[in-house]
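protein.cif (mmCIF, C-alpha atoms) appears below.
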```
data_my_file
loop_
_atom_site.group_PDB
_atom_site.id
_atom_site.type_symbol
_atom_site.label_atom_id
_atom_site.label_comp_id
_atom_site.auth_asym_id
_atom_site.auth_seq_id
_atom_site.Cartn_x
_atom_site.Cartn_y
_atom_site.Cartn_z
ATOM 1 C CA MET A 29 8.666 13.042 -8.991
ATOM 2 C CA ASP A 30 10.690 9.890 -8.451
ATOM 3 C CA ILE A 31 11.219 7.305 -5.755
ATOM 4 C CA THR A 32 12.496 3.736 -5.739
ATOM 5 C CA PHE A 33 10.567 0.810 -4.338
ATOM 6 C CA VAL A 34 10.418 -2.977 -4.322
ATOM 7 C CA LYS A 35 7.400 -5.222 -4.854
ATOM 8 C CA LEU A 36 7.558 -8.610 -3.137
ATOM 9 C CA VAL A 37 5.231 -11.568 -3.560
ATOM 10 C CA ILE A 38 5.277 -13.840 -0.520
ATOM 11 C CA GLY A 39 4.004 -17.361 -1.163
ATOM 12 C CA THR A 40 2.131 -18.651 1.877
ATOM 13 C CA ARG A 41 0.338 -21.880 2.781
ATOM 14 C CA LEU A 42 -2.440 -22.370 5.333
ATOM 15 C CA GLU A 43 -1.559 -24.919 8.001
ATOM 16 C CA SER A 44 -5.110 -25.360 9.280
ATOM 17 C CA ASP A 45 -8.638 -24.460 8.224
ATOM 18 C CA VAL A 46 -9.579 -20.784 8.518
ATOM 19 C CA THR A 47 -13.284 -19.961 8.665
ATOM 20 C CA ASP A 48 -12.824 -16.182 8.472
ATOM 21 C CA PRO A 49 -12.011 -15.320 4.817
ATOM 22 C CA TRP A 50 -10.881 -11.807 5.807
ATOM 23 C CA LEU A 51 -8.485 -12.870 8.555
ATOM 24 C CA PRO A 52 -5.329 -11.742 6.669
ATOM 25 C CA PHE A 53 -6.454 -8.115 7.049
ATOM 26 C CA ARG A 54 -6.310 -8.458 10.844
ATOM 27 C CA ILE A 55 -2.501 -8.685 10.774
ATOM 28 C CA ARG A 56 -2.442 -4.912 11.258
ATOM 29 C CA GLU A 57 -3.344 -5.540 14.924
ATOM 30 C CA THR A 58 -0.122 -7.443 15.644
ATOM 31 C CA PHE A 59 2.367 -6.511 12.926
ATOM 32 C CA GLN A 60 3.894 -3.400 14.490
ATOM 33 C CA GLU A 61 4.804 -5.177 17.722
ATOM 34 C CA ALA A 62 6.057 -8.162 15.735
ATOM 35 C CA PHE A 63 8.338 -5.797 13.799
ATOM 36 C CA ARG A 64 9.607 -4.275 17.062
ATOM 37 C CA SER A 65 10.434 -7.779 18.304
ATOM 38 C CA ALA A 66 12.197 -8.622 15.039
ATOM 39 C CA VAL A 67 14.381 -5.537 15.502
ATOM 40 C CA GLY A 68 15.186 -6.680 19.054
ATOM 41 C CA CYS A 69 13.917 -3.476 20.637
ATOM 42 C CA GLU A 70 13.217 -3.685 24.383
ATOM 43 C CA GLU A 71 12.522 -0.010 25.000
ATOM 44 C CA GLU A 72 9.044 1.069 26.082
ATOM 45 C CA SER A 73 9.086 4.053 23.724
ATOM 46 C CA CYS A 74 11.269 5.516 20.989
ATOM 47 C CA GLU A 75 11.923 8.611 23.109
ATOM 48 C CA ARG A 76 14.131 6.549 25.423
ATOM 49 C CA CYS A 77 16.111 4.929 22.621
ATOM 50 C CA ARG A 78 19.777 5.932 22.310
ATOM 51 C CA GLY A 79 20.157 4.433 18.865
ATOM 52 C CA GLU A 80 17.212 6.217 17.291
ATOM 53 C CA ASP A 81 19.115 7.338 14.191
ATOM 54 C CA GLU A 82 19.962 3.753 13.207
ATOM 55 C CA CYS A 83 16.844 2.008 14.517
ATOM 56 C CA PRO A 84 14.795 0.300 11.754
ATOM 57 C CA TYR A 85 11.682 0.305 13.915
ATOM 58 C CA ARG A 86 11.852 4.055 14.377
ATOM 59 C CA SER A 87 12.582 4.724 10.703
ATOM 60 C CA ILE A 88 9.558 2.642 9.649
ATOM 61 C CA PHE A 89 6.934 3.435 12.265
ATOM 62 C CA SER A 90 7.753 6.808 13.837
ATOM 63 C CA GLN A 91 6.395 8.773 10.843
ATOM 64 C CA SER A 92 8.557 11.664 12.052
ATOM 65 C CA LEU A 93 7.747 15.136 10.824
ATOM 66 C CA SER A 94 10.272 16.821 8.574
ATOM 67 C CA SER A 95 12.551 19.501 9.986
ATOM 68 C CA ASP A 96 11.523 21.639 6.988
ATOM 69 C CA PRO A 97 8.442 23.721 7.947
ATOM 70 C CA ALA A 98 7.425 23.996 4.282
ATOM 71 C CA MET A 99 7.335 20.211 3.920
ATOM 72 C CA VAL A 100 5.310 19.883 7.105
ATOM 73 C CA ARG A 101 2.757 22.371 5.767
ATOM 74 C CA ARG A 102 2.456 20.471 2.492
ATOM 75 C CA HIS A 103 2.543 16.872 3.700
ATOM 76 C CA GLN A 104 1.825 16.802 7.433
ATOM 77 C CA LYS A 105 2.579 13.396 8.992
ATOM 78 C CA PRO A 106 4.190 11.048 6.437
ATOM 79 C CA PRO A 107 2.492 7.720 5.604
ATOM 80 C CA LEU A 108 4.006 4.386 6.555
ATOM 81 C CA PRO A 109 6.589 3.415 3.870
ATOM 82 C CA PHE A 110 5.048 0.056 3.019
ATOM 83 C CA ALA A 111 1.811 -1.463 1.773
ATOM 84 C CA PHE A 112 0.542 -5.041 1.971
ATOM 85 C CA GLN A 113 -1.818 -6.639 -0.525
ATOM 86 C CA PHE A 114 -3.826 -9.457 1.052
ATOM 87 C CA PRO A 115 -6.294 -11.849 -0.587
ATOM 88 C CA VAL A 116 -9.709 -12.936 0.603
ATOM 89 C CA LEU A 117 -9.280 -16.591 1.615
ATOM 90 C CA PRO A 118 -11.232 -19.402 -0.047
ATOM 91 C CA ALA A 119 -14.048 -21.133 1.809
ATOM 92 C CA VAL A 120 -13.350 -24.057 4.139
ATOM 93 C CA PRO A 121 -11.982 -26.616 3.918
ATOM 94 C CA ASN A 122 -8.896 -24.614 3.032
ATOM 95 C CA LYS A 123 -6.080 -26.251 4.997
ATOM 96 C CA GLY A 124 -3.084 -26.584 2.695
ATOM 97 C CA GLU A 125 -4.350 -23.890 0.315
ATOM 98 C CA ARG A 126 -1.627 -21.638 -1.031
ATOM 99 C CA PHE A 127 -2.093 -17.893 -1.388
ATOM 100 C CA GLU A 128 0.121 -14.895 -2.077
ATOM 101 C CA VAL A 129 0.740 -11.787 -0.024
ATOM 102 C CA GLY A 130 2.007 -8.704 -1.839
ATOM 103 C CA LEU A 131 4.294 -6.247 -0.066
ATOM 104 C CA THR A 132 5.586 -2.944 -1.423
ATOM 105 C CA LEU A 133 8.575 -1.389 0.364
ATOM 106 C CA VAL A 134 9.219 2.267 -0.367
ATOM 107 C CA GLY A 135 12.523 4.148 -0.248
ATOM 108 C CA SER A 136 14.660 3.345 2.792
ATOM 109 C CA ALA A 137 12.236 0.597 3.883
ATOM 110 C CA VAL A 138 13.758 -1.591 1.133
ATOM 111 C CA MET A 139 16.819 -2.094 3.346
ATOM 112 C CA HIS A 140 14.707 -3.757 6.034
ATOM 113 C CA GLY A 141 12.967 -6.416 3.962
ATOM 114 C CA ASN A 142 14.316 -9.225 6.167
ATOM 115 C CA LEU A 143 12.663 -7.608 9.204
ATOM 116 C CA PHE A 144 9.320 -7.352 7.399
ATOM 117 C CA LEU A 145 9.474 -11.059 6.523
ATOM 118 C CA SER A 146 10.472 -12.015 10.047
ATOM 119 C CA ALA A 147 7.627 -9.948 11.530
ATOM 120 C CA LEU A 148 5.117 -11.421 9.083
ATOM 121 C CA ALA A 149 6.241 -14.971 9.886
ATOM 122 C CA SER A 150 5.919 -14.171 13.582
ATOM 123 C CA CYS A 151 2.341 -12.961 13.072
ATOM 124 C CA PHE A 152 1.516 -16.208 11.286
ATOM 125 C CA ALA A 153 3.059 -18.322 14.055
ATOM 126 C CA GLY A 154 1.487 -16.471 16.998
ATOM 127 C CA GLN A 155 -1.418 -17.437 19.213
ATOM 128 C CA GLY A 156 -5.022 -16.257 19.401
ATOM 129 C CA GLY A 157 -8.152 -16.060 17.296
ATOM 130 C CA ASN A 158 -6.874 -13.249 15.072
ATOM 131 C CA VAL A 159 -3.688 -15.047 14.029
ATOM 132 C CA LEU A 160 -3.472 -16.510 10.535
ATOM 133 C CA PRO A 161 -2.136 -20.093 10.804
ATOM 134 C CA ALA A 162 0.182 -20.080 7.802
ATOM 135 C CA ARG A 163 3.797 -20.441 6.836
ATOM 136 C CA ILE A 164 5.906 -18.603 4.279
ATOM 137 C CA ASP A 165 7.434 -20.899 1.672
ATOM 138 C CA THR A 166 8.607 -18.556 -1.121
ATOM 139 C CA VAL A 167 9.621 -14.917 -1.540
ATOM 140 C CA GLU A 168 9.972 -13.311 -4.958
ATOM 141 C CA THR A 169 10.610 -9.820 -6.265
ATOM 142 C CA VAL A 170 8.493 -8.548 -9.143
ATOM 143 C CA GLY A 171 9.628 -6.484 -12.136
ATOM 144 C CA TYR A 172 7.796 -3.906 -14.224
ATOM 145 C CA PHE A 173 6.146 -6.507 -16.432
ATOM 146 C CA GLY A 174 5.287 -9.009 -13.714
ATOM 147 C CA GLU A 175 8.462 -11.059 -14.128
ATOM 148 C CA ARG A 176 9.507 -12.731 -10.877
ATOM 149 C CA SER A 177 12.820 -13.732 -9.331
ATOM 150 C CA PRO A 178 13.410 -15.735 -6.125
ATOM 151 C CA TRP A 179 14.676 -13.517 -3.375
ATOM 152 C CA SER A 180 16.440 -13.886 -0.055
ATOM 153 C CA PHE A 181 17.373 -10.782 1.898
ATOM 154 C CA GLU A 182 20.222 -12.741 3.428
ATOM 155 C CA GLY A 183 21.907 -13.327 0.056
ATOM 156 C CA ASP A 184 23.695 -11.118 -2.435
ATOM 157 C CA ALA A 185 20.950 -11.045 -5.051
ATOM 158 C CA THR A 186 19.751 -7.677 -6.265
ATOM 159 C CA PRO A 187 16.003 -7.083 -6.064
ATOM 160 C CA HIS A 188 13.962 -5.628 -8.900
ATOM 161 C CA LEU A 189 14.292 -1.995 -7.872
ATOM 162 C CA LEU A 190 11.420 -0.112 -9.448
ATOM 163 C CA SER A 191 10.777 3.604 -9.712
ATOM 164 C CA ALA A 192 7.740 5.783 -10.188
ATOM 165 C CA SER A 193 9.222 7.260 -13.372
ATOM 166 C CA GLY A 194 10.110 3.799 -14.685
ATOM 167 C CA LEU A 195 6.459 2.771 -14.549
ATOM 168 C CA LEU A 196 5.675 5.273 -17.299
ATOM 169 C CA ALA A 197 7.975 3.407 -19.688
ATOM 170 C CA THR A 198 6.079 0.128 -19.311
ATOM 171 C CA GLY A 199 3.469 0.788 -21.981
ATOM 172 C CA VAL A 200 1.313 3.124 -24.013
ATOM 173 C CA PHE A 201 -1.526 4.832 -22.184
ATOM 174 C CA GLY A 202 -4.418 6.700 -23.717
ATOM 175 C CA ASP A 203 -6.965 8.943 -22.044
ATOM 176 C CA ARG A 204 -9.323 6.054 -21.161
ATOM 177 C CA MET A 205 -8.602 3.646 -18.308
ATOM 178 C CA THR A 206 -10.398 0.989 -16.314
ATOM 179 C CA LEU A 207 -10.119 1.436 -12.565
ATOM 180 C CA ARG A 208 -10.926 -1.524 -10.308
ATOM 181 C CA LEU A 209 -11.236 -1.195 -6.539
ATOM 182 C CA LEU A 210 -10.139 -4.640 -5.359
ATOM 183 C CA THR A 211 -10.488 -4.278 -1.584
ATOM 184 C CA PRO A 212 -12.725 -1.838 0.302
ATOM 185 C CA LEU A 213 -11.664 1.773 -0.143
ATOM 186 C CA LYS A 214 -12.642 4.060 2.719
ATOM 187 C CA LEU A 215 -11.948 7.752 2.163
ATOM 188 C CA LEU A 216 -12.886 10.222 4.871
ATOM 189 C CA GLN A 217 -13.988 13.818 4.450
ATOM 190 C CA GLU A 218 -14.435 15.826 7.636
ATOM 191 C CA GLY A 219 -14.419 12.526 9.507
ATOM 192 C CA ARG A 220 -17.188 10.967 7.435
ATOM 193 C CA PRO A 221 -16.749 8.068 4.983
ATOM 194 C CA GLN A 222 -17.393 8.894 1.328
ATOM 195 C CA ARG A 223 -19.958 6.373 0.064
ATOM 196 C CA SER A 224 -20.098 7.638 -3.522
ATOM 197 C CA PHE A 225 -17.273 7.564 -6.052
ATOM 198 C CA SER A 226 -15.990 10.420 -8.172
ATOM 199 C CA PHE A 227 -12.577 10.856 -9.717
ATOM 200 C CA PRO A 228 -11.732 14.039 -7.749
ATOM 201 C CA LYS A 229 -12.603 12.288 -4.467
ATOM 202 C CA PHE A 230 -10.263 9.473 -5.498
ATOM 203 C CA PHE A 231 -7.429 11.389 -7.143
ATOM 204 C CA ARG A 232 -6.853 14.171 -4.612
ATOM 205 C CA PRO A 233 -6.065 11.894 -1.649
ATOM 206 C CA LEU A 234 -4.036 9.680 -4.003
ATOM 207 C CA GLN A 235 -2.009 12.709 -5.061
ATOM 208 C CA ARG A 236 -1.402 13.603 -1.403
ATOM 209 C CA ARG A 237 -0.381 10.053 -0.502
ATOM 210 C CA VAL A 238 2.056 9.641 -3.393
ATOM 211 C CA THR A 239 3.714 13.048 -3.015
ATOM 212 C CA SER A 240 4.028 12.627 0.748
ATOM 213 C CA LEU A 241 5.716 9.231 0.368
ATOM 214 C CA ALA A 242 8.044 10.574 -2.321
ATOM 215 C CA ALA A 243 8.950 13.624 -0.238
ATOM 216 C CA SER A 244 9.457 11.674 2.996
ATOM 217 C CA TYR A 245 11.268 8.586 1.707
ATOM 218 C CA GLY A 246 12.563 9.637 -1.693
ATOM 219 C CA GLU A 247 15.116 12.172 -2.802
ATOM 220 C CA GLY A 248 13.517 15.269 -1.321
ATOM 221 C CA ASP A 249 10.383 17.325 -1.682
ATOM 222 C CA VAL A 250 8.207 17.007 -4.767
ATOM 223 C CA THR A 251 7.423 20.011 -6.923
ATOM 224 C CA GLY A 252 4.641 20.529 -9.430
ATOM 225 C CA ASP A 253 1.476 22.433 -10.090
ATOM 226 C CA PHE A 254 -0.684 20.337 -7.804
ATOM 227 C CA ARG A 255 -3.416 22.948 -7.628
ATOM 228 C CA TRP A 256 -3.780 22.700 -11.406
ATOM 229 C CA LEU A 257 -3.866 18.876 -11.220
ATOM 230 C CA SER A 258 -6.533 19.065 -8.543
ATOM 231 C CA SER A 259 -8.595 21.306 -10.786
ATOM 232 C CA GLU A 260 -8.084 19.224 -13.937
ATOM 233 C CA CYS A 261 -9.234 16.007 -12.270
ATOM 234 C CA GLU A 262 -12.738 17.508 -12.235
ATOM 235 C CA ARG A 263 -12.807 17.002 -16.019
ATOM 236 C CA VAL A 264 -12.473 13.210 -15.864
ATOM 237 C CA SER A 265 -15.771 11.422 -16.490
ATOM 238 C CA VAL A 266 -16.613 8.142 -14.784
ATOM 239 C CA GLY A 267 -18.706 5.236 -16.080
ATOM 240 C CA GLY A 268 -19.419 1.905 -14.426
ATOM 241 C CA SER A 269 -20.450 1.242 -10.874
ATOM 242 C CA MET A 270 -18.983 1.241 -7.398
ATOM 243 C CA GLU A 271 -20.755 -0.050 -4.332
ATOM 244 C CA TRP A 272 -20.299 0.213 -0.591
ATOM 245 C CA VAL A 273 -19.584 -3.138 1.059
ATOM 246 C CA ALA A 274 -19.144 -4.228 4.655
ATOM 247 C CA TRP A 275 -16.919 -7.213 5.409
ATOM 248 C CA ARG A 276 -16.480 -9.006 8.702
ATOM 249 C CA ARG A 277 -19.666 -7.673 10.275
ATOM 250 C CA GLY A 278 -18.836 -4.143 9.223
ATOM 251 C CA THR A 279 -15.344 -4.003 10.755
ATOM 252 C CA ILE A 280 -13.972 -3.671 7.209
ATOM 253 C CA ALA A 281 -15.997 -1.388 4.952
ATOM 254 C CA GLY A 282 -15.573 0.735 1.858
ATOM 255 C CA MET A 283 -16.186 0.995 -1.868
ATOM 256 C CA VAL A 284 -15.405 -1.757 -4.374
ATOM 257 C CA GLY A 285 -16.237 -2.115 -8.053
ATOM 258 C CA GLU A 286 -15.086 -1.065 -11.504
ATOM 259 C CA ALA A 287 -15.245 2.211 -13.387
ATOM 260 C CA VAL A 288 -14.159 3.422 -16.804
ATOM 261 C CA LEU A 289 -12.325 6.760 -16.669
ATOM 262 C CA SER A 290 -12.424 9.055 -19.701
ATOM 263 C CA GLY A 291 -10.337 12.188 -20.143
ATOM 264 C CA VAL A 292 -7.360 10.955 -18.107
ATOM 265 C CA ARG A 293 -4.491 13.389 -18.590
ATOM 266 C CA GLU A 294 -0.917 12.196 -18.989
ATOM 267 C CA GLU A 295 -0.005 14.112 -15.823
ATOM 268 C CA PHE A 296 -2.276 11.828 -13.775
ATOM 269 C CA LEU A 297 -0.444 8.659 -14.818
ATOM 270 C CA PRO A 298 2.471 8.686 -12.320
ATOM 271 C CA PHE A 299 -0.010 8.864 -9.453
ATOM 272 C CA LEU A 300 -2.320 6.182 -10.820
ATOM 273 C CA LEU A 301 0.461 3.759 -11.773
ATOM 274 C CA PHE A 302 2.511 4.159 -8.587
ATOM 275 C CA GLY A 303 -0.646 4.214 -6.476
ATOM 276 C CA GLN A 304 -1.449 0.639 -7.518
ATOM 277 C CA TYR A 305 1.476 -0.485 -5.384
ATOM 278 C CA LEU A 306 0.552 1.704 -2.400
ATOM 279 C CA ASN A 307 -3.224 1.277 -1.931
ATOM 280 C CA LEU A 308 -5.311 4.219 -0.734
ATOM 281 C CA GLY A 309 -7.511 5.364 2.115
ATOM 282 C CA LYS A 310 -7.955 4.083 5.643
ATOM 283 C CA GLY A 311 -5.918 0.930 6.297
ATOM 284 C CA ALA A 312 -3.925 1.294 3.071
ATOM 285 C CA ALA A 313 -0.684 -0.015 4.614
ATOM 286 C CA PHE A 314 -2.449 -3.243 5.561
ATOM 287 C CA GLY A 315 -4.233 -4.167 2.365
ATOM 288 C CA LEU A 316 -7.328 -1.988 2.180
ATOM 289 C CA GLY A 317 -7.976 0.367 -0.718
ATOM 290 C CA GLN A 318 -6.088 -1.804 -3.199
ATOM 291 C CA PHE A 319 -6.784 -0.833 -6.802
ATOM 292 C CA ALA A 320 -5.633 -1.568 -10.343
ATOM 293 C CA VAL A 321 -5.733 0.542 -13.507
ATOM 294 C CA ARG A 322 -5.577 -0.698 -17.090
ATOM 295 C CA PRO A 323 -5.583 1.313 -20.341
ATOM 296 C CA GLN A 324 -8.589 1.055 -22.635
ATOM 297 C CA PHE A 325 -8.189 1.438 -26.363
ATOM 298 C CA PRO A 326 -10.884 1.686 -29.071
#
```
Could I get this file's structure written as structure tokens?
Amino acid sequence: MDITFVKLVIGTRLESDVTDPWLPFRIRETFQEAFRSAVGCEEESCERCRGEDECPYRSIFSQSLSSDPAMVRRHQKPPLPFAFQFPVLPAVPNKGERFEVGLTLVGSAVMHGNLFLSALASCFAGQGGNVLPARIDTVETVGYFGERSPWSFEGDATPHLLSASGLLATGVFGDRMTLRLLTPLKLLQEGRPQRSFSFPKFFRPLQRRVTSLAASYGEGDVTGDFRWLSSECERVSVGGSMEWVAWRRGTIAGMVGEAVLSGVREEFLPFLLFGQYLNLGKGAAFGLGQFAVRPQFP
């Protein structure tokens, strides 16, 4: 499995006090239309568009099914090819406070980074109670080891193009890892949220998300013994604690916390390492279900 992606860190500064610490997560309500405006699309629907093959809006948001029936059976509707990482804002007074927004662009979405930045800036500059009053002042790309370089999509600079396979070369990993859920993770089973954590409940949807993104926006379908992986994840033991939290009067809810995983097979690593950039669960594209994994050694 391999796919290229870019991780951006967007430095942002609040231009007025914000009393709602979770306001950044509300950008999902306006971002898609802001992206359409950044593209310059005036059509009411993609079906009427004559330039659908070249349209960035369609390539990002249509989530078109593959023409290959086998891929459709395996992956269904592809995920959105991007994922934001938003912070919880500090308490007021916070005018002038600087914070960072992470943004991962996957596969062909890398070519449209300028449109993502334009749409994000438009969301910040809009009107209404759900708009985050902020301005973008820096944009950087991030390498495998956290190294940063200033970036402008209008220049000739080359971003830090990362790959899922390249992540495996960044260090030594044993069979014990710490998993931290940084923003609420909501996983659904038969339409119901899963309020207890287990590694199979976490890994199986992660495996589906990663393989679907790789198949839809990478170099073709992904092969592997995924049934065996699904079975083997039952052997991973979990220590630590996760809890269900409700933010913003319950409009944002899910599991957060930290767990120690024991018995992590090498075959799980591509999914865990790449998944850190993609988030997981409901609202993953807009900052929910963000997690981090770190190796643990004796």
Nearby residues (only C-alpha atoms) at most 12 Å from Phe254 of chain A, same-chain spacing under 4 positions excluded, as a PyMOL selection string: chain A and resi 29+102+231-236+238-239+250+258-261+295-296+299
For atom CA of Thr166 of chain A and atom CA of Ile38 of chain A, the interatomic separation in Å (one decimal):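 These two atoms are separated by 5.8 Å.
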Among the residues A:Gly124, A:Gly194, A:Pro178, A:Pro84, the one that comes closest to Pro298 of chain A [using only C-alpha atoms]: A:Gly194
Output of the PyMOL selection byres ((chain A and resi 205) around 12), listed as a PyMOL selection string: chain A and resi 200-204+206-208+227+264-268+286-294+296-297+300-301+320-326
With C-alpha atoms retained, export the selected residues as a CSV table (one decimal), keeping the file's coordinate frame.
```csv
chain,number,residue,atom,x,y,z
A,200,VAL,CA,1.3,3.1,-24.0
A,201,PHE,CA,-1.5,4.8,-22.2
A,202,GLY,CA,-4.4,6.7,-23.7
A,203,ASP,CA,-7.0,8.9,-22.0
A,204,ARG,CA,-9.3,6.1,-21.2
A,206,THR,CA,-10.4,1.0,-16.3
A,207,LEU,CA,-10.1,1.4,-12.6
A,208,ARG,CA,-10.9,-1.5,-10.3
A,227,PHE,CA,-12.6,10.9,-9.7
A,264,VAL,CA,-12.5,13.2,-15.9
A,265,SER,CA,-15.8,11.4,-16.5
A,266,VAL,CA,-16.6,8.1,-14.8
A,267,GLY,CA,-18.7,5.2,-16.1
A,268,GLY,CA,-19.4,1.9,-14.4
A,286,GLU,CA,-15.1,-1.1,-11.5
A,287,ALA,CA,-15.2,2.2,-13.4
A,288,VAL,CA,-14.2,3.4,-16.8
A,289,LEU,CA,-12.3,6.8,-16.7
A,290,SER,CA,-12.4,9.1,-19.7
A,291,GLY,CA,-10.3,12.2,-20.1
A,292,VAL,CA,-7.4,11.0,-18.1
A,293,ARG,CA,-4.5,13.4,-18.6
A,294,GLU,CA,-0.9,12.2,-19.0
A,296,PHE,CA,-2.3,11.8,-13.8
A,297,LEU,CA,-0.4,8.7,-14.8
A,300,LEU,CA,-2.3,6.2,-10.8
A,301,LEU,CA,0.5,3.8,-11.8
A,320,ALA,CA,-5.6,-1.6,-10.3
A,321,VAL,CA,-5.7,0.5,-13.5
A,322,ARG,CA,-5.6,-0.7,-17.1
A,323,PRO,CA,-5.6,1.3,-20.3
A,324,GLN,CA,-8.6,1.1,-22.6
A,325,PHE,CA,-8.2,1.4,-26.4
A,326,PRO,CA,-10.9,1.7,-29.1
```
Result set, the PyMOL selection byres ((chain A and resi 136) around 10) on current file, as a VMD selection string: chain A and resid 32 to 33 84 87 to 88 109 133 to 135 137 to 141 244 to 246
All residues 9 Å or closer to Ser191 of chain A, all atoms listed in the file, same chain fewer than 2 positions away omitted, as a ChimeraX atom specification: /A:30-34,189,193-195,302
So what does the PyMOL selection byres ((chain A and resi 50-61) around 7) actually pick up in this one, as a PDB file with C-alpha atoms, keeping the file's coordinate frame?
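Wrote it out as part12.pdb, contents follow:
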```pdb
ATOM      1  CA  ASP A  48     -12.824 -16.182   8.472  1.00  0.00           C
ATOM      2  CA  PRO A  49     -12.011 -15.320   4.817  1.00  0.00           C
ATOM      3  CA  ALA A  62       6.057  -8.162  15.735  1.00  0.00           C
ATOM      4  CA  PHE A  63       8.338  -5.797  13.799  1.00  0.00           C
ATOM      5  CA  ARG A  64       9.607  -4.275  17.062  1.00  0.00           C
ATOM      6  CA  SER A  65      10.434  -7.779  18.304  1.00  0.00           C
ATOM      7  CA  PHE A 114      -3.826  -9.457   1.052  1.00  0.00           C
ATOM      8  CA  VAL A 116      -9.709 -12.936   0.603  1.00  0.00           C
ATOM      9  CA  LEU A 117      -9.280 -16.591   1.615  1.00  0.00           C
ATOM     10  CA  ALA A 147       7.627  -9.948  11.530  1.00  0.00           C
ATOM     11  CA  LEU A 148       5.117 -11.421   9.083  1.00  0.00           C
ATOM     12  CA  CYS A 151       2.341 -12.961  13.072  1.00  0.00           C
ATOM     13  CA  ASN A 158      -6.874 -13.249  15.072  1.00  0.00           C
ATOM     14  CA  LEU A 160      -3.472 -16.510  10.535  1.00  0.00           C
ATOM     15  CA  ARG A 276     -16.480  -9.006   8.702  1.00  0.00           C
ATOM     16  CA  PHE A 314      -2.449  -3.243   5.561  1.00  0.00           C
ATOM     17  CA  GLY A 315      -4.233  -4.167   2.365  1.00  0.00           C
TER      18      GLY A 315
END
```
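Interatomic distance, atom CA of Leu108 of chain A to atom CA of Glu43 of chain A: 29.9 Å.
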Atomic separation - atom CA of Arg277 of chain A relative to atom CA of Leu316 of chain A, Å: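 So the two atoms, atom CA of Leu316 of chain A and atom CA of Arg277 of chain A, lie 15.8 Å apart.
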Kindly output segment 267-277 of chain A as an mmCIF file, keeping the file's coordinate frame, after building N, CA, C and O atoms.
```
data_model
loop_
_atom_site.group_PDB
_atom_site.id
_atom_site.type_symbol
_atom_site.label_atom_id
_atom_site.label_comp_id
_atom_site.auth_asym_id
_atom_site.auth_seq_id
_atom_site.Cartn_x
_atom_site.Cartn_y
_atom_site.Cartn_z
ATOM 1 N N GLY A 267 -17.626 6.165 -15.780
ATOM 2 C CA GLY A 267 -18.706 5.236 -16.080
ATOM 3 C C GLY A 267 -18.512 3.960 -15.288
ATOM 4 O O GLY A 267 -17.449 3.721 -14.724
ATOM 5 N N GLY A 268 -19.524 3.121 -15.209
ATOM 6 C CA GLY A 268 -19.419 1.905 -14.426
ATOM 7 C C GLY A 268 -20.077 2.074 -13.073
ATOM 8 O O GLY A 268 -20.858 3.009 -12.850
ATOM 9 N N SER A 269 -19.771 1.189 -12.169
ATOM 10 C CA SER A 269 -20.450 1.242 -10.874
ATOM 11 C C SER A 269 -19.517 0.858 -9.740
ATOM 12 O O SER A 269 -18.684 -0.039 -9.881
ATOM 13 N N MET A 270 -19.650 1.560 -8.647
ATOM 14 C CA MET A 270 -18.983 1.241 -7.398
ATOM 15 C C MET A 270 -20.066 1.034 -6.345
ATOM 16 O O MET A 270 -21.123 1.675 -6.395
ATOM 17 N N GLU A 271 -19.798 0.163 -5.398
ATOM 18 C CA GLU A 271 -20.755 -0.050 -4.332
ATOM 19 C C GLU A 271 -20.056 -0.086 -2.989
ATOM 20 O O GLU A 271 -18.872 -0.411 -2.892
ATOM 21 N N TRP A 272 -20.806 0.260 -1.959
ATOM 22 C CA TRP A 272 -20.299 0.213 -0.591
ATOM 23 C C TRP A 272 -20.522 -1.189 -0.047
ATOM 24 O O TRP A 272 -21.626 -1.725 -0.132
ATOM 25 N N VAL A 273 -19.464 -1.798 0.489
ATOM 26 C CA VAL A 273 -19.584 -3.138 1.059
ATOM 27 C C VAL A 273 -19.098 -3.121 2.499
ATOM 28 O O VAL A 273 -18.298 -2.261 2.893
ATOM 29 N N ALA A 274 -19.577 -4.062 3.266
ATOM 30 C CA ALA A 274 -19.144 -4.228 4.655
ATOM 31 C C ALA A 274 -18.718 -5.681 4.835
ATOM 32 O O ALA A 274 -19.526 -6.597 4.670
ATOM 33 N N TRP A 275 -17.456 -5.888 5.149
ATOM 34 C CA TRP A 275 -16.919 -7.213 5.409
ATOM 35 C C TRP A 275 -16.786 -7.404 6.913
ATOM 36 O O TRP A 275 -16.661 -6.442 7.666
ATOM 37 N N ARG A 276 -16.762 -8.640 7.309
ATOM 38 C CA ARG A 276 -16.480 -9.006 8.702
ATOM 39 C C ARG A 276 -17.358 -8.220 9.671
ATOM 40 O O ARG A 276 -16.885 -7.542 10.562
ATOM 41 N N ARG A 277 -18.666 -8.325 9.426
ATOM 42 C CA ARG A 277 -19.666 -7.673 10.275
ATOM 43 C C ARG A 277 -19.439 -6.164 10.374
ATOM 44 O O ARG A 277 -19.639 -5.540 11.422
#
```
